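Have a look at run02.cif below; it lists mmCIF, C-alpha atoms.
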```
data_upload
#
loop_
_atom_site.label_atom_id
_atom_site.label_comp_id
_atom_site.auth_asym_id
_atom_site.auth_seq_id
_atom_site.Cartn_x
_atom_site.Cartn_y
_atom_site.Cartn_z
CA MET G 1 137.84 77.70 82.96
CA THR G 2 135.07 79.00 85.19
CA ILE G 3 135.38 78.48 88.95
CA ASP G 4 132.27 78.75 91.14
CA ILE G 5 132.21 81.11 94.13
CA VAL G 6 130.75 79.01 96.92
CA VAL G 7 129.43 80.06 100.34
CA PRO G 8 131.95 78.58 102.79
CA THR G 9 131.13 76.58 105.89
CA LEU G 10 130.77 79.29 108.52
CA SER G 11 130.57 77.42 111.82
CA GLU G 12 128.58 74.65 113.45
CA SER G 13 126.03 77.12 114.81
CA VAL G 14 125.72 79.39 111.75
CA LEU G 15 123.72 77.73 108.98
CA GLN G 16 122.48 80.75 107.05
CA ALA G 17 123.95 83.97 105.69
CA ARG G 18 122.77 86.93 103.67
CA ILE G 19 124.62 88.63 100.83
CA ALA G 20 125.31 92.02 102.34
CA ARG G 21 127.08 93.47 99.30
CA TRP G 22 129.16 92.59 96.30
CA LEU G 23 132.60 94.15 96.49
CA LYS G 24 133.27 93.53 92.79
CA ARG G 25 131.13 94.09 89.72
CA ALA G 26 130.65 91.56 86.95
CA GLY G 27 133.59 91.75 84.56
CA ALA G 28 135.97 93.19 87.17
CA ALA G 29 139.43 91.71 87.59
CA VAL G 30 140.13 89.83 90.80
CA GLN G 31 143.29 88.47 92.36
CA VAL G 32 143.73 85.31 94.43
CA GLY G 33 142.45 85.93 97.97
CA GLU G 34 140.85 89.27 97.06
CA ALA G 35 137.44 89.81 98.66
CA VAL G 36 134.60 89.73 96.12
CA ALA G 37 131.51 89.61 98.34
CA GLU G 38 130.51 90.20 101.94
CA LEU G 39 128.14 87.82 103.72
CA GLU G 40 126.16 88.84 106.79
CA THR G 41 125.45 86.23 109.45
CA GLU G 42 123.66 86.38 112.77
CA LYS G 43 126.95 87.03 114.56
CA VAL G 44 129.66 88.40 112.24
CA ASN G 45 130.20 89.30 108.60
CA PHE G 46 132.42 87.23 106.29
CA GLU G 47 134.28 88.44 103.24
CA VAL G 48 134.39 85.74 100.58
CA GLY G 49 137.64 85.80 98.64
CA ALA G 50 138.56 84.67 95.16
CA GLU G 51 140.09 81.19 94.96
CA VAL G 52 141.70 81.99 91.59
CA ALA G 53 142.77 85.07 89.66
CA GLY G 54 140.71 86.17 86.68
CA THR G 55 137.53 88.17 86.12
CA LEU G 56 134.18 88.00 87.89
CA ALA G 57 132.28 86.18 85.16
CA ARG G 58 128.83 86.30 86.71
CA ILE G 59 126.83 87.12 89.84
CA ASP G 60 124.17 84.51 90.61
CA ARG G 61 122.75 85.78 93.90
CA ARG G 62 121.79 89.38 94.54
CA GLU G 63 122.40 91.57 97.56
CA GLY G 64 119.87 90.84 100.29
CA GLU G 65 119.34 87.21 99.28
CA ASP G 66 119.69 84.53 101.95
CA VAL G 67 122.15 81.73 101.20
CA ARG G 68 123.50 78.62 102.91
CA PRO G 69 126.93 76.99 103.02
CA GLY G 70 127.65 75.30 99.71
CA ASP G 71 125.43 77.61 97.64
CA VAL G 72 126.97 79.00 94.44
CA ILE G 73 126.71 82.79 94.39
CA GLY G 74 128.82 83.59 91.33
CA ALA G 75 131.76 82.48 89.23
CA ILE G 76 135.26 83.60 88.24
CA ASP G 77 136.69 83.03 84.76
CA GLU G 78 140.36 82.32 85.35
CA THR G 79 141.12 82.32 81.62
CA ALA G 80 139.94 85.91 81.14
CA VAL G 81 142.44 87.99 83.07
CA ALA G 82 141.41 91.62 82.75
CA PRO G 83 143.50 94.65 83.76
CA ALA G 84 143.55 95.16 87.51
CA ALA G 85 140.49 97.04 88.63
CA ALA G 86 140.06 99.23 91.67
CA GLY G 87 138.64 97.34 94.60
CA PRO G 88 139.18 96.40 98.23
CA ALA G 89 142.68 95.50 99.31
CA ALA G 90 143.61 91.86 98.73
CA VAL G 91 143.63 89.56 101.73
CA ALA G 92 146.68 87.50 100.87
CA GLY G 93 146.41 83.82 101.58
CA HIS G 94 142.87 83.92 102.94
CA ALA G 95 139.74 83.13 100.96
CA VAL G 96 137.52 84.10 103.90
CA THR G 97 138.03 86.79 106.54
CA GLU G 98 135.55 87.89 109.17
CA ARG G 99 134.47 91.02 110.98
CA ALA G 100 131.62 92.02 113.28
CA SER G 101 128.13 92.11 111.92
CA GLY G 102 126.60 95.46 111.05
CA ALA G 103 124.78 97.42 108.39
CA ALA G 104 126.70 96.83 105.15
CA ALA G 105 127.84 99.86 103.17
CA GLU G 106 126.01 100.32 99.87
CA SER G 107 127.86 98.77 96.95
CA HIS G 108 125.68 97.33 94.19
CA PRO G 109 126.58 95.37 91.07
CA PRO G 110 124.67 96.39 87.96
CA GLU G 111 122.68 93.14 88.17
CA ALA G 112 121.54 93.73 91.72
CA PRO G 113 120.72 97.34 92.50
CA SER G 114 119.02 97.93 95.85
CA GLU G 115 118.03 100.96 97.81
CA ARG G 116 119.08 101.86 101.32
CA ALA G 117 117.36 104.14 103.86
CA ALA G 118 117.84 107.85 103.28
CA SER G 119 121.08 109.29 104.64
CA SER G 120 121.37 112.68 106.27
CA ASP G 121 122.87 115.55 104.29
CA ARG G 122 125.94 115.66 106.48
CA GLU G 123 126.76 112.06 105.55
CA ARG G 124 126.85 112.77 101.84
CA PRO G 125 130.21 113.32 100.16
CA ALA G 126 131.08 116.85 99.22
CA ALA G 127 130.13 117.78 95.68
CA ALA G 128 133.73 118.69 94.86
CA ALA G 129 134.87 115.23 95.83
CA THR G 130 132.26 113.43 93.70
CA PRO G 131 133.71 112.04 90.47
CA THR G 132 132.02 113.00 87.24
CA PRO G 133 129.41 110.31 86.64
CA PRO G 134 129.10 108.55 83.31
CA VAL G 135 126.19 109.49 81.11
CA SER G 136 124.04 107.55 78.75
CA GLN G 137 123.70 108.26 75.05
CA SER G 138 120.92 110.69 75.91
CA GLY G 139 123.33 112.78 77.98
CA LYS G 140 121.68 111.77 81.26
CA PRO G 141 123.28 109.72 84.05
CA PRO G 142 122.06 106.13 84.60
CA LEU G 143 119.34 105.74 87.24
CA THR G 144 118.36 102.89 89.53
CA PRO G 145 114.75 101.71 89.08
CA ILE G 146 113.46 103.48 92.20
CA ALA G 147 115.33 106.67 91.30
CA ARG G 148 113.82 106.54 87.79
CA ARG G 149 110.31 106.24 89.28
CA LEU G 150 110.88 109.19 91.61
CA VAL G 151 112.26 111.30 88.77
CA ALA G 152 109.13 110.60 86.73
CA GLU G 153 106.76 111.27 89.65
CA HIS G 154 108.28 114.64 90.49
CA GLY G 155 109.12 115.82 86.99
CA ILE G 156 112.84 116.13 87.63
CA ASP G 157 115.35 116.69 84.82
CA ALA G 158 117.66 113.69 85.26
CA ALA G 159 120.54 115.66 83.74
CA ALA G 160 120.53 117.87 86.85
CA LEU G 161 121.19 114.92 89.17
CA VAL G 162 124.59 113.80 90.44
CA GLY G 163 124.93 110.04 90.92
CA THR G 164 126.89 108.69 93.89
CA GLY G 165 126.10 105.01 93.37
CA PRO G 166 128.39 102.45 91.79
CA GLY G 167 129.31 103.43 88.27
CA GLY G 168 127.86 106.90 88.82
CA ARG G 169 124.30 105.57 89.02
CA VAL G 170 121.71 107.93 90.47
CA THR G 171 120.15 106.34 93.56
CA LYS G 172 117.01 107.10 95.57
CA GLU G 173 119.16 109.00 98.05
CA ASP G 174 120.53 111.23 95.28
CA VAL G 175 116.99 112.15 94.22
CA GLU G 176 116.01 112.85 97.84
CA HIS G 177 119.06 115.09 98.25
CA TYR G 178 118.16 117.02 95.11
CA LEU G 179 114.56 117.52 96.27
CA ARG G 180 115.74 118.78 99.67
CA GLN G 181 118.01 121.29 97.94
CA GLN G 182 115.03 122.44 95.88
CA GLY G 183 112.99 123.01 99.04
CA ALA G 184 110.77 119.93 98.74
CA PRO G 185 111.83 117.74 101.66
CA GLU G 186 108.49 115.97 101.93
CA ALA G 187 107.88 115.17 98.29
CA VAL G 188 109.99 112.05 98.18
CA ARG G 189 108.68 110.78 101.51
CA ALA G 190 105.04 110.81 100.41
CA PRO G 191 104.91 110.59 96.60
CA SER G 192 101.59 110.94 94.93
CA HIS G 193 99.72 107.72 94.24
CA PRO G 194 96.53 107.18 92.30
CA ALA G 195 94.92 105.47 95.29
CA THR G 196 95.40 108.55 97.43
CA GLN G 197 94.32 111.26 94.95
CA MET G 198 91.43 113.46 96.02
CA SER G 199 88.20 113.31 94.09
CA PRO G 200 87.17 116.40 92.10
CA GLU G 201 84.44 117.08 94.64
CA ALA G 202 86.80 117.00 97.64
CA PRO G 203 88.09 120.29 99.02
CA ALA G 204 91.66 121.18 98.08
CA VAL G 205 93.16 120.53 101.52
CA PRO G 206 96.69 119.08 101.46
CA ALA G 207 96.85 115.66 103.11
CA ALA G 208 98.98 115.38 106.22
CA VAL G 209 102.29 113.71 105.59
CA ARG G 210 102.72 110.55 107.69
CA PRO G 211 106.29 109.46 106.96
CA GLU G 212 107.08 105.80 107.37
CA GLU G 213 110.10 103.68 106.61
CA ARG G 214 110.26 99.94 106.13
CA VAL G 215 113.65 98.39 106.91
CA ARG G 216 114.48 94.71 106.55
CA MET G 217 115.71 93.13 109.79
CA SER G 218 119.35 92.12 109.81
CA LEU G 219 120.24 88.53 110.57
CA ARG G 220 121.65 89.66 113.90
CA ARG G 221 118.40 91.40 114.88
CA LEU G 222 116.42 88.35 113.76
CA THR G 223 118.65 86.15 115.91
CA ILE G 224 118.22 88.44 118.91
CA ALA G 225 114.44 88.25 118.45
CA ARG G 226 114.54 84.46 118.22
CA ARG G 227 116.82 84.09 121.24
CA LEU G 228 114.56 86.31 123.32
CA LEU G 229 111.62 84.04 122.51
CA GLU G 230 113.68 81.05 123.67
CA VAL G 231 113.61 82.56 127.16
CA ARG G 232 109.94 81.51 127.36
CA GLU G 233 111.10 77.90 127.65
CA ALA G 234 112.68 78.69 131.02
CA ALA G 235 110.91 79.42 134.30
CA THR G 236 112.50 82.81 134.88
CA LEU G 237 112.46 84.84 138.05
CA THR G 238 114.40 87.95 139.09
CA THR G 239 115.72 88.87 142.52
CA PHE G 240 117.22 92.23 143.49
CA ASN G 241 119.72 93.62 145.95
CA GLU G 242 121.63 96.85 146.40
CA VAL G 243 125.36 97.33 146.76
CA ASP G 244 127.36 100.11 148.39
CA MET G 245 130.00 100.92 145.77
CA GLY G 246 132.03 103.21 148.03
CA ALA G 247 134.82 100.74 148.83
CA VAL G 248 135.38 99.75 145.21
CA MET G 249 135.35 103.37 144.04
CA GLU G 250 137.81 104.33 146.77
CA MET G 251 140.12 101.42 145.88
CA ARG G 252 140.01 102.31 142.18
CA ALA G 253 140.83 105.95 142.91
CA ARG G 254 143.70 104.97 145.21
CA HIS G 255 145.42 102.61 142.77
CA LYS G 256 144.31 103.98 139.38
CA ALA G 257 147.47 105.98 138.59
CA ALA G 258 149.87 103.21 139.63
CA LEU G 259 147.98 100.53 137.69
CA GLU G 260 147.72 102.68 134.59
CA GLU G 261 151.45 103.37 134.70
CA ARG G 262 152.42 99.74 135.32
CA TYR G 263 149.87 97.82 133.26
CA GLY G 264 148.31 100.44 130.99
CA ALA G 265 144.85 99.74 132.44
CA SER G 266 142.97 100.24 135.69
CA PRO G 267 140.06 97.87 136.52
CA GLY G 268 136.60 99.26 135.86
CA ILE G 269 133.43 98.50 137.78
CA VAL G 270 132.48 95.54 135.57
CA ALA G 271 135.86 93.88 136.11
CA PHE G 272 135.23 93.83 139.87
CA PHE G 273 131.82 92.22 139.31
CA VAL G 274 133.36 89.60 137.01
CA ARG G 275 135.74 88.56 139.78
CA ALA G 276 132.96 88.66 142.38
CA ALA G 277 130.66 86.61 140.13
CA VAL G 278 133.31 83.91 139.67
CA ALA G 279 133.74 83.61 143.45
CA ALA G 280 129.95 83.41 143.94
CA LEU G 281 129.56 80.86 141.12
CA LYS G 282 132.06 78.60 142.83
CA ALA G 283 129.91 78.73 145.97
CA PHE G 284 126.66 78.09 144.03
CA PRO G 285 127.55 75.75 141.13
CA ASN G 286 123.96 75.35 139.87
CA ILE G 287 124.06 78.96 138.71
CA ASN G 288 127.03 78.05 136.48
CA ALA G 289 125.18 75.11 134.91
CA GLU G 290 122.64 74.39 132.20
CA ILE G 291 119.85 71.91 131.52
CA GLN G 292 120.29 69.40 128.70
CA GLY G 293 117.28 67.13 128.40
CA ASP G 294 116.77 65.52 131.79
CA GLU G 295 120.35 66.21 132.94
CA ILE G 296 122.08 69.11 134.67
CA VAL G 297 125.48 69.97 133.20
CA LEU G 298 127.66 71.47 135.94
CA LYS G 299 130.50 73.48 134.43
CA HIS G 300 133.73 73.69 136.38
CA TYR G 301 135.11 76.52 134.27
CA TYR G 302 134.06 80.14 134.25
CA ASP G 303 133.54 81.79 130.87
CA ILE G 304 131.81 85.08 131.60
CA GLY G 305 129.86 86.79 128.82
CA ILE G 306 129.91 90.60 128.81
CA ALA G 307 126.87 92.15 127.10
CA ILE G 308 127.89 95.07 124.86
CA GLY G 309 125.36 97.33 123.20
CA ALA G 310 127.00 97.85 119.80
CA ARG G 311 125.43 100.08 117.17
CA GLU G 312 124.19 97.15 115.11
CA GLY G 313 122.76 95.26 118.07
CA LEU G 314 123.65 93.49 121.28
CA VAL G 315 126.69 91.22 121.30
CA VAL G 316 127.99 89.09 124.16
CA PRO G 317 131.72 88.34 123.81
CA VAL G 318 133.09 85.91 126.37
CA VAL G 319 135.98 86.34 128.83
CA ARG G 320 137.41 82.83 128.86
CA ASP G 321 138.68 81.29 132.12
CA ALA G 322 137.85 84.43 134.08
CA ASP G 323 138.84 82.65 137.30
CA ARG G 324 142.45 82.55 136.09
CA ARG G 325 142.65 86.23 135.18
CA SER G 326 143.61 89.18 137.35
CA LEU G 327 141.44 92.26 137.62
CA VAL G 328 143.69 94.06 135.14
CA GLU G 329 143.54 91.16 132.67
CA VAL G 330 139.75 91.08 132.88
CA GLU G 331 139.62 94.83 132.29
CA ARG G 332 141.88 94.54 129.25
CA ALA G 333 139.66 91.84 127.78
CA ILE G 334 136.52 93.95 128.30
CA ARG G 335 138.11 97.04 126.72
CA ASP G 336 139.28 94.98 123.77
CA PHE G 337 135.79 93.55 123.25
CA ALA G 338 134.18 97.00 123.42
CA ALA G 339 136.63 98.46 120.90
CA ARG G 340 136.26 95.57 118.46
CA ALA G 341 132.48 95.61 118.79
CA GLU G 342 132.48 99.20 117.53
CA GLN G 343 135.03 98.35 114.81
CA ARG G 344 132.95 95.30 113.84
CA THR G 345 135.95 92.99 114.13
CA LEU G 346 134.70 90.49 116.72
CA SER G 347 135.10 86.87 115.64
CA LEU G 348 132.77 83.93 116.06
CA ASP G 349 135.11 82.48 118.68
CA ASP G 350 134.75 85.69 120.72
CA LEU G 351 130.98 85.19 120.87
CA ARG G 352 130.74 81.43 121.23
CA GLY G 353 129.77 79.74 124.51
CA GLY G 354 129.74 81.34 127.94
CA THR G 355 128.55 79.95 131.27
CA PHE G 356 127.21 83.15 132.88
CA THR G 357 126.50 86.67 131.61
CA ILE G 358 126.85 90.17 133.05
CA THR G 359 125.03 93.12 131.51
CA ASN G 360 125.52 96.73 132.57
CA GLY G 361 122.53 98.93 131.84
CA GLY G 362 124.04 101.59 134.07
CA VAL G 363 126.22 102.87 131.24
CA PHE G 364 122.99 103.98 129.54
CA GLY G 365 121.50 105.45 132.72
CA SER G 366 119.29 102.54 133.81
CA LEU G 367 118.46 102.62 137.51
CA MET G 368 116.77 99.20 137.65
CA SER G 369 115.76 96.50 135.18
CA THR G 370 115.08 92.78 134.90
CA PRO G 371 117.68 91.29 132.54
CA LEU G 372 116.66 88.46 130.23
CA LEU G 373 118.40 85.11 130.28
CA ASN G 374 121.01 84.26 127.69
CA PRO G 375 119.99 80.63 126.90
CA PRO G 376 121.09 77.99 127.69
CA GLN G 377 122.71 79.69 130.69
CA ALA G 378 120.97 79.46 134.03
CA ALA G 379 121.35 83.09 135.13
CA ILE G 380 122.36 86.63 134.17
CA LEU G 381 123.53 89.47 136.43
CA GLY G 382 122.30 92.99 135.71
CA LEU G 383 124.26 96.05 136.87
CA HIS G 384 122.80 99.55 137.00
CA ARG G 385 123.62 103.21 137.47
CA ILE G 386 125.49 104.24 140.60
CA THR G 387 123.53 106.95 142.42
CA GLU G 388 124.19 108.74 145.67
CA ARG G 389 121.32 108.35 148.11
CA PRO G 390 120.80 108.34 151.89
CA VAL G 391 121.26 104.95 153.53
CA ALA G 392 121.88 103.64 157.02
CA HIS G 393 125.64 103.17 157.45
CA GLN G 394 127.36 102.26 160.71
CA GLY G 395 124.45 103.52 162.81
CA ALA G 396 123.95 106.79 160.96
CA VAL G 397 122.10 108.01 157.89
CA VAL G 398 124.70 108.98 155.31
CA VAL G 399 124.82 109.56 151.56
CA ARG G 400 126.53 106.64 149.81
CA PRO G 401 127.10 105.64 146.14
CA MET G 402 124.60 102.82 145.72
CA MET G 403 123.82 100.43 142.88
CA TYR G 404 120.86 98.12 142.38
CA VAL G 405 121.82 94.68 141.07
CA ALA G 406 119.45 92.10 139.62
CA LEU G 407 119.80 88.38 139.04
CA THR G 408 117.44 86.71 136.58
CA TYR G 409 117.62 82.94 136.82
CA ASP G 410 116.00 79.75 135.56
CA HIS G 411 113.88 78.54 138.47
CA ARG G 412 113.93 75.00 137.07
CA LEU G 413 117.59 74.80 138.02
CA VAL G 414 118.14 77.49 140.66
CA ASP G 415 116.11 77.81 143.84
CA GLY G 416 115.15 81.20 145.21
CA ARG G 417 117.31 80.63 148.27
CA GLU G 418 120.39 80.06 146.08
CA ALA G 419 119.67 83.14 143.98
CA VAL G 420 119.27 85.41 147.01
CA GLN G 421 122.41 84.03 148.64
CA PHE G 422 124.31 84.39 145.38
CA LEU G 423 123.50 88.10 145.20
CA ALA G 424 124.29 88.52 148.90
CA ARG G 425 127.71 86.93 148.26
CA ILE G 426 128.41 89.33 145.42
CA ARG G 427 127.33 92.27 147.56
CA ALA G 428 129.69 91.20 150.37
CA LEU G 429 132.63 90.90 147.97
CA ILE G 430 132.03 94.26 146.31
CA GLU G 431 131.55 96.07 149.61
CA ASP G 432 134.82 94.51 150.88
CA PRO G 433 136.83 94.21 147.64
CA GLU G 434 139.99 93.07 149.42
CA GLN G 435 138.22 89.71 149.72
CA LEU G 436 138.53 89.43 145.96
CA LEU G 437 142.30 89.23 146.35
CA LEU G 438 141.90 86.39 148.86
CA GLU G 439 139.45 84.62 146.54
CA GLY G 440 142.01 84.88 143.73
#
```
Could you write out this file's structure as structure tokens?
Amino acid sequence: MTIDIVVPTLSESVLQARIARWLKRAGAAVQVGEAVAELETEKVNFEVGAEVAGTLARIDRREGEDVRPGDVIGAIDETAVAPAAAGPAAVAGHAVTERASGAAAESHPPEAPSERAASSDRERPAAAATPTPPVSQSGKPPLTPIARRLVAEHGIDAAALVGTGPGGRVTKEDVEHYLRQQGAPEAVRAPSHPATQMSPEAPAVPAAVRPEERVRMSLRRLTIARRLLEVREAATLTTFNEVDMGAVMEMRARHKAALEERYGASPGIVAFFVRAAVAALKAFPNINAEIQGDEIVLKHYYDIGIAIGAREGLVVPVVRDADRRSLVEVERAIRDFAARAEQRTLSLDDLRGGTFTITNGGVFGSLMSTPLLNPPQAAILGLHRITERPVAHQGAVVVRPMMYVALTYDHRLVDGREAVQFLARIRALIEDPEQLLLEG
């Protein structure tokens, strides 16, 4: 009996996915709960598991195709149980698992070969570790269509190539690697084409190589682009202030060792701003609200989004009920989010919702910027690099560690007076951080 592999319901807000890669090839044995395909969504990746044991009878949708919940992407024949094949570890008891979105590793079924961007030489596996690829009846390894075209264009003996693709197939990257070893790094980047050949009358001057690369946007990047355009629906304005970070830095230095020993974590700069933002949001509730139609929804809970620049794109996991967490607990949550963003293990629940967002461009060296709203939220706080500069302090000009802060807000909901006072409140709390303990 053949059982369809169906795209599961992802979440209320995720209505589309893309087949990032097939983890099993047609004809391979699968066990119950074993991952057979990986789906990329705008937020996280899902591994679709086998509902029954058997063999992967067919693959209906190729890598890179967009699918929706309920679509059939393949089928498993539970009556044809083949010997166990090598594959990803089984996920017992779960047909679907999730991990953070990112560029999927290359793993192609024979029915759906695709080509990825060229990898650097240092990323290629060592030749000694490469298994001996299978060969065709002609004694040459199998080639992907693009690799076959490149071999023909450059007159390469296919028998000299080592395939690193699934089943030992020679990929475009394998051909590029071979050409680089032969001292022709530019040949594969700008192959000859009849439309670009010089006429017999033209002088024999080599054309300048203008390398280009066309990369399909991931669903996450497409979502980021769409969300940024949604900002145009708001009447945004940004106000700035500067904060003397000396008191916070001194407090952190004084208590760092004790907190690390007792709790295993010492609050970072962002944790202090999370606590200060919660206190300021309580004083200015419109900044913790959103517009729905002709109504203002005032939120009496404080879920603070922390923008994290992961390798595959920006993600904003949410610290839930930040008003009920200590500085150390907030710091632990932020560290956990940062680690899981890099490991690509954030869940949809981690990214869902949020009433206010904090972004820290200072970690990348930004001195000042105007952060963009995270709709439907009413405001976002931007932090920047701490720099020592001369300022007036207690009647004298001294050098102090200063930070510019920026608040971008929806002017339809927040007046300029509220925005300025909000930032002033945050500044007062950060410059006298003991107030944060009283606010807690």
**Message:** Tell me which residues come within 7 Å of (118.5, 87.6, 134.3), as a VMD selection string, counting all atoms listed in the file in the file's coordinates.
**Reply:** chain G and resid 238 370 to 373 379 to 382 407 to 409
**Prompt:** Between G:Val398, G:Ile296, G:Val72, G:Val315, which is the closest to Glu342 of chain G once you count all atoms listed in the file?
**Reply:** G:Val315
**Message:** Show me, as a PyMOL selection string, the residues that have an atom within 9 Å of Arg58 of chain G when counting all atoms listed in the file, minus same-chain residues fewer than 6 positions from it.
**Reply:** chain G and resi 25-27+73-77
**Request:** Using the chain letters and numbering of this document, enumerate as an NGL selection string the residues selected by the PyMOL selection byres ((chain G and resi 243-247) around 12).
**Result:** :G and (240-242 or 248-254 or 269-270 or 272-273 or 383-393 or 398-406 or 423-435)
**Asked** From the set G:Ala28, G:Ala341, G:Ala37, G:Ala159, which residue has the shortest atom-to-atom contact distance to Ala53 of chain G, counting all atoms listed in the file?
**Response**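 Of G:Ala28, G:Ala341, G:Ala37, G:Ala159, the one nearest Ala53 of chain G is G:Ala28, counting all atoms listed in the file.
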**Item:** Output of the PyMOL selection byres ((chain G and resi 41) around 7), listed as number ranges by chain
**Value:** G: 16-18, 39-40, 42-45, 101, 219-220
Those residues you just picked out, can you put them in a file as a PDB file, keeping the file's coordinate frame with C-alpha atoms?
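What ended up in out.pdb:
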```
ATOM      1  CA  GLN G  16     122.480  80.750 107.050  1.00  0.00           C
ATOM      2  CA  ALA G  17     123.950  83.970 105.690  1.00  0.00           C
ATOM      3  CA  ARG G  18     122.770  86.930 103.670  1.00  0.00           C
ATOM      4  CA  LEU G  39     128.140  87.820 103.720  1.00  0.00           C
ATOM      5  CA  GLU G  40     126.160  88.840 106.790  1.00  0.00           C
ATOM      6  CA  GLU G  42     123.660  86.380 112.770  1.00  0.00           C
ATOM      7  CA  LYS G  43     126.950  87.030 114.560  1.00  0.00           C
ATOM      8  CA  VAL G  44     129.660  88.400 112.240  1.00  0.00           C
ATOM      9  CA  ASN G  45     130.200  89.300 108.600  1.00  0.00           C
ATOM     10  CA  SER G 101     128.130  92.110 111.920  1.00  0.00           C
ATOM     11  CA  LEU G 219     120.240  88.530 110.570  1.00  0.00           C
ATOM     12  CA  ARG G 220     121.650  89.660 113.900  1.00  0.00           C
TER      13      ARG G 220
END
```
**Message:** For a cutoff of 12 Å around the file-coordinate point (136.6, 84.4, 128.1), which residues qualify once you count all atoms listed in the file? I'd like the result as JSON, numbers by chain.
**Reply:** {"G": [274, 301, 302, 303, 304, 305, 306, 316, 317, 318, 319, 320, 321, 322, 323, 324, 325, 329, 330, 331, 332, 333, 334, 336, 337, 349, 350, 351, 352, 353, 354, 355, 356, 357]}
As a PDB file with C-alpha atoms, in the frame of the given file, please: the residues near Thr55 of chain G (cut-off 12 Å, only C-alpha atoms, same-chain neighbours under 2 positions excluded).
```
ATOM      1  CA  MET G   1     137.840  77.700  82.960  1.00  0.00           C
ATOM      2  CA  THR G   2     135.070  79.000  85.190  1.00  0.00           C
ATOM      3  CA  ILE G   3     135.380  78.480  88.950  1.00  0.00           C
ATOM      4  CA  ASP G   4     132.270  78.750  91.140  1.00  0.00           C
ATOM      5  CA  ILE G   5     132.210  81.110  94.130  1.00  0.00           C
ATOM      6  CA  LYS G  24     133.270  93.530  92.790  1.00  0.00           C
ATOM      7  CA  ARG G  25     131.130  94.090  89.720  1.00  0.00           C
ATOM      8  CA  ALA G  26     130.650  91.560  86.950  1.00  0.00           C
ATOM      9  CA  GLY G  27     133.590  91.750  84.560  1.00  0.00           C
ATOM     10  CA  ALA G  28     135.970  93.190  87.170  1.00  0.00           C
ATOM     11  CA  ALA G  29     139.430  91.710  87.590  1.00  0.00           C
ATOM     12  CA  VAL G  30     140.130  89.830  90.800  1.00  0.00           C
ATOM     13  CA  GLN G  31     143.290  88.470  92.360  1.00  0.00           C
ATOM     14  CA  VAL G  32     143.730  85.310  94.430  1.00  0.00           C
ATOM     15  CA  GLU G  34     140.850  89.270  97.060  1.00  0.00           C
ATOM     16  CA  VAL G  36     134.600  89.730  96.120  1.00  0.00           C
ATOM     17  CA  ALA G  50     138.560  84.670  95.160  1.00  0.00           C
ATOM     18  CA  GLU G  51     140.090  81.190  94.960  1.00  0.00           C
ATOM     19  CA  VAL G  52     141.700  81.990  91.590  1.00  0.00           C
ATOM     20  CA  ALA G  53     142.770  85.070  89.660  1.00  0.00           C
ATOM     21  CA  ALA G  57     132.280  86.180  85.160  1.00  0.00           C
ATOM     22  CA  ARG G  58     128.830  86.300  86.710  1.00  0.00           C
ATOM     23  CA  ILE G  59     126.830  87.120  89.840  1.00  0.00           C
ATOM     24  CA  GLY G  74     128.820  83.590  91.330  1.00  0.00           C
ATOM     25  CA  ALA G  75     131.760  82.480  89.230  1.00  0.00           C
ATOM     26  CA  ILE G  76     135.260  83.600  88.240  1.00  0.00           C
ATOM     27  CA  ASP G  77     136.690  83.030  84.760  1.00  0.00           C
ATOM     28  CA  GLU G  78     140.360  82.320  85.350  1.00  0.00           C
ATOM     29  CA  THR G  79     141.120  82.320  81.620  1.00  0.00           C
ATOM     30  CA  ALA G  80     139.940  85.910  81.140  1.00  0.00           C
ATOM     31  CA  VAL G  81     142.440  87.990  83.070  1.00  0.00           C
ATOM     32  CA  ALA G  82     141.410  91.620  82.750  1.00  0.00           C
ATOM     33  CA  PRO G  83     143.500  94.650  83.760  1.00  0.00           C
ATOM     34  CA  ALA G  84     143.550  95.160  87.510  1.00  0.00           C
ATOM     35  CA  ALA G  85     140.490  97.040  88.630  1.00  0.00           C
TER      36      ALA G  85
END
```
**Message:** One decimal, in Å: what's the spacing between atom CA of Lys299 of chain G and atom CA of Leu15 of chain G?
**Reply:**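 Going from atom CA of Lys299 of chain G over to atom CA of Leu15 of chain G, I get 26.7 Å.
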**Request:** Name every residue that the PyMOL selection byres ((chain G and resi 232) around 12) selects in this structure, writing the answer as a VMD selection string with chains first and numbers rising.
**Result:** chain G and resid 226 to 231 233 to 237 372 to 376 410
**Asked** Of the candidates G:Ile308, G:Ala279, G:Ala396, G:Ile224, which shows the shortest atom-to-atom distance to Ala338 of chain G, using all atoms listed in the file?
**Response** G:Ile308
**Request:** Just give me the gap between atom CA of Pro211 of chain G and atom CA of Val175 of chain G in Å, one decimal is fine.
**Result:**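 Going from atom CA of Pro211 of chain G over to atom CA of Val175 of chain G, I get 16.9 Å.
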**Prompt:** So, counting only C-alpha atoms, which residue among G:Val397, G:Val328, G:Glu213, G:Asn288 is closest to Leu259 of chain G?
**Reply:**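 Ranking G:Val397, G:Val328, G:Glu213, G:Asn288 by distance to Leu259 of chain G, first place goes to G:Val328.
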**Between atom CA of His154 of chain G and atom CA of Glu212 of chain G, distance in Å (one decimal)** = 19.1 Å
